[in-house]
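As stored in entry22.json (JSON, C-alpha atoms):
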```json
[["chain", "number", "residue", "atom", "x", "y", "z"],
["A", 1, "MET", "CA", 140.40, -13.61, 103.25],
["A", 2, "THR", "CA", 137.17, -11.68, 103.82],
["A", 3, "VAL", "CA", 137.89, -9.42, 100.82],
["A", 4, "SER", "CA", 138.30, -12.50, 98.61],
["A", 5, "ARG", "CA", 134.56, -13.20, 98.86],
["A", 6, "VAL", "CA", 133.82, -9.77, 97.44],
["A", 7, "ALA", "CA", 136.38, -10.33, 94.65],
["A", 8, "VAL", "CA", 135.21, -13.85, 93.70],
["A", 9, "ALA", "CA", 131.48, -13.06, 93.67],
["A", 10, "PRO", "CA", 131.37, -11.01, 90.42],
["A", 11, "VAL", "CA", 133.44, -13.69, 88.69],
["A", 12, "PHE", "CA", 130.82, -16.25, 89.80],
["A", 13, "ALA", "CA", 128.06, -14.01, 88.38],
["A", 14, "LEU", "CA", 129.82, -13.54, 85.05],
["A", 15, "VAL", "CA", 130.53, -17.26, 84.60],
["A", 16, "PHE", "CA", 127.10, -18.41, 85.81],
["A", 17, "ILE", "CA", 125.00, -15.96, 83.80],
["A", 18, "ARG", "CA", 126.98, -16.46, 80.58],
["A", 19, "GLY", "CA", 127.20, -20.21, 81.08],
["A", 20, "TYR", "CA", 123.52, -20.61, 81.90],
["A", 21, "ALA", "CA", 122.57, -18.84, 78.68],
["A", 22, "THR", "CA", 124.54, -21.35, 76.63],
["A", 23, "THR", "CA", 124.06, -25.03, 76.00],
["A", 24, "GLY", "CA", 126.55, -27.82, 75.55],
["A", 25, "ASP", "CA", 129.82, -27.48, 77.46],
["A", 26, "LEU", "CA", 129.38, -27.82, 81.24],
["A", 27, "THR", "CA", 132.78, -26.41, 82.18],
["A", 28, "TRP", "CA", 131.12, -23.21, 83.40],
["A", 29, "ILE", "CA", 129.06, -25.06, 86.03],
["A", 30, "TYR", "CA", 132.18, -26.75, 87.39],
["A", 31, "VAL", "CA", 133.92, -23.36, 87.52],
["A", 32, "CYS", "CA", 130.90, -21.98, 89.42],
["A", 33, "LEU", "CA", 131.03, -24.89, 91.85],
["A", 34, "GLY", "CA", 134.71, -24.15, 92.47],
["A", 35, "LEU", "CA", 134.02, -20.44, 92.98],
["A", 36, "ALA", "CA", 131.16, -21.25, 95.39],
["A", 37, "VAL", "CA", 133.56, -23.48, 97.35],
["A", 38, "LEU", "CA", 136.04, -20.57, 97.55],
["A", 39, "ILE", "CA", 133.32, -18.22, 98.80],
["A", 40, "GLU", "CA", 132.08, -20.65, 101.45],
["A", 41, "LEU", "CA", 135.59, -21.69, 102.59],
["A", 42, "SER", "CA", 136.57, -18.05, 102.95],
["A", 43, "ASP", "CA", 133.49, -17.44, 105.08],
["A", 44, "LEU", "CA", 134.24, -20.46, 107.26],
["A", 45, "LEU", "CA", 137.98, -19.95, 107.65],
["A", 46, "ASP", "CA", 138.33, -16.19, 108.13],
["A", 47, "GLY", "CA", 136.44, -16.16, 111.42],
["A", 48, "MET", "CA", 138.17, -19.30, 112.68],
["A", 49, "ILE", "CA", 141.61, -17.91, 111.85],
["A", 50, "ALA", "CA", 140.85, -14.50, 113.40],
["A", 51, "ARG", "CA", 139.64, -16.13, 116.64],
["A", 52, "ALA", "CA", 142.58, -18.57, 116.78],
["A", 53, "ARG", "CA", 145.07, -15.71, 116.34],
["A", 54, "LYS", "CA", 143.09, -13.44, 118.67],
["A", 55, "GLU", "CA", 142.76, -10.93, 115.85],
["A", 56, "VAL", "CA", 139.02, -10.33, 116.14],
["A", 57, "THR", "CA", 138.39, -6.63, 115.52],
["A", 58, "ASP", "CA", 135.35, -4.38, 115.45],
["A", 59, "PHE", "CA", 136.10, -3.74, 111.76],
["A", 60, "GLY", "CA", 136.08, -7.49, 111.11],
["A", 61, "LYS", "CA", 132.79, -7.88, 112.95],
["A", 62, "VAL", "CA", 131.28, -5.27, 110.64],
["A", 63, "PHE", "CA", 133.05, -6.08, 107.36],
["A", 64, "ASP", "CA", 132.60, -9.87, 107.52],
["A", 65, "PRO", "CA", 128.79, -9.75, 107.33],
["A", 66, "VAL", "CA", 129.02, -7.13, 104.57],
["A", 67, "ALA", "CA", 131.30, -9.44, 102.57],
["A", 68, "ASP", "CA", 128.91, -12.33, 103.23],
["A", 69, "SER", "CA", 125.99, -10.24, 102.04],
["A", 70, "VAL", "CA", 127.73, -9.00, 98.89],
["A", 71, "SER", "CA", 128.91, -12.49, 97.89],
["A", 72, "ARG", "CA", 125.60, -14.25, 98.56],
["A", 73, "GLN", "CA", 123.52, -11.47, 97.03],
["A", 74, "THR", "CA", 125.64, -11.76, 93.89],
["A", 75, "VAL", "CA", 125.03, -15.51, 93.72],
["A", 76, "PHE", "CA", 121.28, -15.00, 94.23],
["A", 77, "ILE", "CA", 121.17, -12.23, 91.61],
["A", 78, "SER", "CA", 122.79, -14.70, 89.22],
["A", 79, "PHE", "CA", 120.03, -17.21, 89.99],
["A", 80, "MET", "CA", 117.40, -14.50, 89.44],
["A", 81, "VAL", "CA", 118.88, -13.33, 86.12],
["A", 82, "ALA", "CA", 118.99, -16.95, 84.94],
["A", 83, "GLY", "CA", 115.28, -17.35, 85.78],
["A", 84, "ILE", "CA", 115.81, -19.91, 88.53],
["A", 85, "ILE", "CA", 114.24, -17.70, 91.20],
["A", 86, "PRO", "CA", 111.75, -14.87, 90.68],
["A", 87, "TRP", "CA", 112.60, -11.28, 91.56],
["A", 88, "TRP", "CA", 110.31, -11.27, 94.61],
["A", 89, "LEU", "CA", 112.14, -14.24, 96.16],
["A", 90, "TYR", "CA", 115.45, -12.51, 95.57],
["A", 91, "LEU", "CA", 114.08, -9.43, 97.35],
["A", 92, "VAL", "CA", 113.56, -11.47, 100.54],
["A", 93, "PHE", "CA", 117.34, -11.96, 100.72],
["A", 94, "PHE", "CA", 118.09, -8.41, 99.63],
["A", 95, "TYR", "CA", 115.77, -6.64, 102.07],
["A", 96, "ARG", "CA", 116.83, -8.79, 105.01],
["A", 97, "ASP", "CA", 120.46, -7.92, 104.37],
["A", 98, "ALA", "CA", 119.64, -4.24, 103.82],
["A", 99, "PHE", "CA", 117.73, -4.16, 107.11],
["A", 100, "MET", "CA", 120.64, -5.82, 108.89],
["A", 101, "GLN", "CA", 123.06, -3.23, 107.50],
["A", 102, "LEU", "CA", 120.76, -0.48, 108.75],
["A", 103, "LEU", "CA", 120.56, -2.15, 112.17],
["A", 104, "ARG", "CA", 124.37, -2.34, 112.31],
["A", 105, "ILE", "CA", 124.59, 1.39, 111.51],
["A", 106, "VAL", "CA", 122.00, 2.22, 114.18],
["A", 107, "CYS", "CA", 123.87, 0.13, 116.73],
["A", 108, "ALA", "CA", 127.24, 1.61, 115.73],
["A", 109, "SER", "CA", 125.87, 5.13, 116.13],
["A", 110, "SER", "CA", 125.18, 4.20, 119.76],
["A", 111, "GLY", "CA", 128.61, 2.68, 120.23],
["A", 112, "VAL", "CA", 127.39, -0.91, 119.96],
["A", 113, "VAL", "CA", 128.96, -3.40, 117.54],
["A", 114, "LEU", "CA", 126.33, -5.84, 116.34],
["A", 115, "ALA", "CA", 128.12, -9.18, 116.25],
["A", 116, "ALA", "CA", 126.86, -12.24, 114.39],
["A", 117, "ARG", "CA", 124.30, -14.34, 116.24],
["A", 118, "TRP", "CA", 123.55, -18.07, 115.97],
["A", 119, "SER", "CA", 120.58, -17.42, 113.67],
["A", 120, "GLY", "CA", 122.74, -15.42, 111.29],
["A", 121, "LYS", "CA", 125.36, -18.15, 111.21],
["A", 122, "PHE", "CA", 122.74, -20.84, 110.58],
["A", 123, "LYS", "CA", 121.21, -18.65, 107.85],
["A", 124, "ALA", "CA", 124.63, -18.49, 106.18],
["A", 125, "VAL", "CA", 124.99, -22.28, 106.34],
["A", 126, "LEU", "CA", 121.50, -22.80, 104.95],
["A", 127, "GLN", "CA", 122.09, -20.33, 102.12],
["A", 128, "GLY", "CA", 125.42, -21.99, 101.31],
["A", 129, "ILE", "CA", 123.84, -25.45, 101.19],
["A", 130, "ALA", "CA", 121.04, -24.10, 98.98],
["A", 131, "THR", "CA", 123.59, -22.55, 96.62],
["A", 132, "PHE", "CA", 125.33, -25.90, 96.14],
["A", 133, "ALA", "CA", 121.97, -27.67, 95.80],
["A", 134, "VAL", "CA", 120.85, -25.27, 93.05],
["A", 135, "LEU", "CA", 124.17, -25.70, 91.25],
["A", 136, "GLY", "CA", 123.71, -29.47, 91.55],
["A", 137, "VAL", "CA", 120.21, -29.22, 90.08],
["A", 138, "VAL", "CA", 121.47, -27.11, 87.18],
["A", 139, "LEU", "CA", 124.30, -29.59, 86.57],
["A", 140, "ALA", "CA", 121.85, -32.52, 86.58],
["A", 141, "GLN", "CA", 119.45, -30.70, 84.27],
["A", 142, "ARG", "CA", 122.17, -29.64, 81.82],
["A", 143, "SER", "CA", 123.68, -33.14, 81.88],
["A", 144, "GLY", "CA", 120.36, -34.52, 80.68],
["A", 145, "ALA", "CA", 119.60, -36.50, 83.84],
["A", 146, "GLY", "CA", 116.07, -37.75, 83.22],
["A", 147, "TRP", "CA", 115.30, -37.96, 86.93],
["A", 148, "MET", "CA", 115.79, -34.18, 87.43],
["A", 149, "PRO", "CA", 112.72, -32.23, 86.32],
["A", 150, "GLN", "CA", 113.15, -28.79, 84.77],
["A", 151, "THR", "CA", 110.18, -27.48, 86.77],
["A", 152, "LEU", "CA", 107.99, -28.50, 89.68],
["A", 153, "TRP", "CA", 104.49, -27.03, 89.90],
["A", 154, "GLY", "CA", 105.37, -24.36, 87.37],
["A", 155, "TRP", "CA", 108.61, -23.17, 89.01],
["A", 156, "HIS", "CA", 112.23, -24.06, 88.27],
["A", 157, "THR", "CA", 113.36, -26.89, 90.56],
["A", 158, "GLY", "CA", 115.96, -24.56, 92.08],
["A", 159, "PHE", "CA", 113.18, -22.23, 93.19],
["A", 160, "TRP", "CA", 111.87, -24.83, 95.63],
["A", 161, "ILE", "CA", 115.34, -25.26, 97.08],
["A", 162, "MET", "CA", 115.70, -21.49, 97.60],
["A", 163, "VAL", "CA", 112.31, -21.18, 99.32],
["A", 164, "VAL", "CA", 113.68, -22.89, 102.44],
["A", 165, "PRO", "CA", 116.55, -20.46, 103.13],
["A", 166, "ALA", "CA", 114.30, -17.54, 102.11],
["A", 167, "ILE", "CA", 111.79, -18.39, 104.85],
["A", 168, "TYR", "CA", 114.54, -18.86, 107.44],
["A", 169, "THR", "CA", 116.25, -15.66, 106.26],
["A", 170, "LEU", "CA", 113.06, -13.72, 107.01],
["A", 171, "LEU", "CA", 112.64, -15.34, 110.40],
["A", 172, "SER", "CA", 116.29, -14.78, 111.38],
["A", 173, "VAL", "CA", 115.71, -11.03, 111.55],
["A", 174, "ILE", "CA", 113.65, -11.59, 114.70],
["A", 175, "ASP", "CA", 116.73, -12.90, 116.54],
["A", 176, "TYR", "CA", 118.43, -9.55, 115.90],
["A", 177, "ILE", "CA", 115.44, -7.31, 116.58],
["A", 178, "ILE", "CA", 114.42, -8.71, 119.97],
["A", 179, "PRO", "CA", 117.70, -8.13, 121.84],
["A", 180, "ASN", "CA", 118.11, -4.70, 120.21],
["A", 181, "ARG", "CA", 114.50, -3.49, 120.40],
["A", 182, "ALA", "CA", 115.22, -0.87, 123.10],
["A", 183, "LEU", "CA", 118.00, 0.62, 120.98],
["A", 184, "ILE", "CA", 115.82, 0.53, 117.86],
["A", 185, "SER", "CA", 112.94, 2.21, 119.72],
["A", 186, "LYS", "CA", 115.30, 4.88, 121.06],
["A", 187, "MET", "CA", 116.72, 5.59, 117.61],
["A", 188, "THR", "CA", 113.30, 5.74, 115.91],
["A", 189, "ALA", "CA", 111.55, 7.80, 118.62],
["A", 190, "LYS", "CA", 110.47, 11.32, 117.70],
["A", 191, "LYS", "CA", 112.42, 14.07, 119.42]]
```
Go ahead and render the structure in this file as structure tokens.
Amino acid sequence: MTVSRVAVAPVFALVFIRGYATTGDLTWIYVCLGLAVLIELSDLLDGMIARARKEVTDFGKVFDPVADSVSRQTVFISFMVAGIIPWWLYLVFFYRDAFMQLLRIVCASSGVVLAARWSGKFKAVLQGIATFAVLGVVLAQRSGAGWMPQTLWGWHTGFWIMVVPAIYTLLSVIDYIIPNRALISKMTAKK
């Protein structure tokens, strides 16, 4: 189930980027909504199923956040390529995830498995909600809904939606750094 997120993500990117560049038929946005549902359901269900079956493994604790990162980064890259979010906003998501992967490697090298924390789970929920909200905005805009502006204060309407999870994504790093600061200090100390 975890691997499915990694497999579905590039399909989302292909459909979204090609569909966004075209006008007329909205089938592509409905396909993207369906793919986003698959990604989010997979994220929700794989952990629940593993815990219910008592099949939680160290590999799963490591691979699940990697799959989350790959799938969400792919969605956000699609938004960036389409011009919905600027490159610098995308980099907030990218660098946070890259830092977290580095932190997981540092912890693993000391025999510690860095499990998901409440802030990381809430970040995932917030990013998922924002993904659906952006897709909803694009659907409203492409459907010609007069009440949905194309831009607000010079930015695509979806940009303002993505600002909220971007800020929380940055702040969520703190919840991982504080409990692991001794390990980080030890690993970065000069020898």
Determine, using only C-alpha atoms, which residues of range 115-191 of chain A have any atom at most 12 Å from an atom of range 98-107 of chain A, and tabulate each with its shortest atom pair and distance in Å to one decimal place, rows ordered by chain and then rising number, as JSON lines.
```
{"residue": "A:Ala115", "atom": "CA", "partner": "A:Arg104", "partner_atom": "CA", "distance": 8.7}
{"residue": "A:Ala116", "atom": "CA", "partner": "A:Arg104", "partner_atom": "CA", "distance": 10.4}
{"residue": "A:Arg117", "atom": "CA", "partner": "A:Met100", "partner_atom": "CA", "distance": 11.8}
{"residue": "A:Gly120", "atom": "CA", "partner": "A:Met100", "partner_atom": "CA", "distance": 10.1}
{"residue": "A:Thr169", "atom": "CA", "partner": "A:Met100", "partner_atom": "CA", "distance": 11.1}
{"residue": "A:Leu170", "atom": "CA", "partner": "A:Phe99", "partner_atom": "CA", "distance": 10.6}
{"residue": "A:Ser172", "atom": "CA", "partner": "A:Met100", "partner_atom": "CA", "distance": 10.3}
{"residue": "A:Val173", "atom": "CA", "partner": "A:Met100", "partner_atom": "CA", "distance": 7.7}
{"residue": "A:Ile174", "atom": "CA", "partner": "A:Met100", "partner_atom": "CA", "distance": 10.8}
{"residue": "A:Asp175", "atom": "CA", "partner": "A:Met100", "partner_atom": "CA", "distance": 11.1}
{"residue": "A:Tyr176", "atom": "CA", "partner": "A:Met100", "partner_atom": "CA", "distance": 8.2}
{"residue": "A:Ile177", "atom": "CA", "partner": "A:Leu103", "partner_atom": "CA", "distance": 8.5}
{"residue": "A:Ile178", "atom": "CA", "partner": "A:Leu103", "partner_atom": "CA", "distance": 11.9}
{"residue": "A:Pro179", "atom": "CA", "partner": "A:Cys107", "partner_atom": "CA", "distance": 11.5}
{"residue": "A:Asn180", "atom": "CA", "partner": "A:Cys107", "partner_atom": "CA", "distance": 8.3}
{"residue": "A:Arg181", "atom": "CA", "partner": "A:Leu103", "partner_atom": "CA", "distance": 10.3}
{"residue": "A:Ala182", "atom": "CA", "partner": "A:Cys107", "partner_atom": "CA", "distance": 10.8}
{"residue": "A:Leu183", "atom": "CA", "partner": "A:Cys107", "partner_atom": "CA", "distance": 7.3}
{"residue": "A:Ile184", "atom": "CA", "partner": "A:Val106", "partner_atom": "CA", "distance": 7.4}
{"residue": "A:Ser185", "atom": "CA", "partner": "A:Val106", "partner_atom": "CA", "distance": 10.6}
{"residue": "A:Lys186", "atom": "CA", "partner": "A:Val106", "partner_atom": "CA", "distance": 10.0}
{"residue": "A:Met187", "atom": "CA", "partner": "A:Val106", "partner_atom": "CA", "distance": 7.1}
{"residue": "A:Thr188", "atom": "CA", "partner": "A:Val106", "partner_atom": "CA", "distance": 9.5}
```
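Those residues that approach Gly128 in chain A to within 9 Å, counting only C-alpha atoms, are A:Ala36, A:Glu40, A:Arg72, A:Lys123, A:Ala133; same-chain residues fewer than 5 positions away are not listed.
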Selection: 10 Å around range 13-29 of chain A, all atoms listed in the file, excl. self and same-chain fewer than 6 positions, as a PyMOL selection string: chain A and resi 35+71+74-83+135-136+138-139+142-143
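Pairwise distance (CA of Val31 in chain A, CA of Val3 in chain A) equals 19.7 Å.
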Can you tell me which residues surround Leu45 in chain A at a distance of at most 10 Å, considering all atoms listed in the file, apart from same-chain residues fewer than 6 positions away, and format the answer as number ranges by chain? A: 1-2, 51
Using only C-alpha atoms, can you tell me which of A:Pro149, A:Gln73, A:Ile39, A:Arg53 comes closest to Leu91 in chain A?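 Checking each candidate against Leu91 in chain A, we get A:Gln73 as the closest.
The closest residue to Asp68 in chain A, picked from A:Gly111, A:Glu55, A:Trp87, A:Ala7 and counting all atoms listed in the file, is A:Ala7.
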To one decimal place, how far is CA of Leu38 in chain A from CA of Ala130 in chain A in Å?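 Distance between the two atoms: 15.5 Å.
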Mind checking which residues fall within 9 Å of Asp64 in chain A, counting only C-alpha atoms, ignoring those fewer than 3 positions away in the same chain, and posting them as a count of residues only? 11
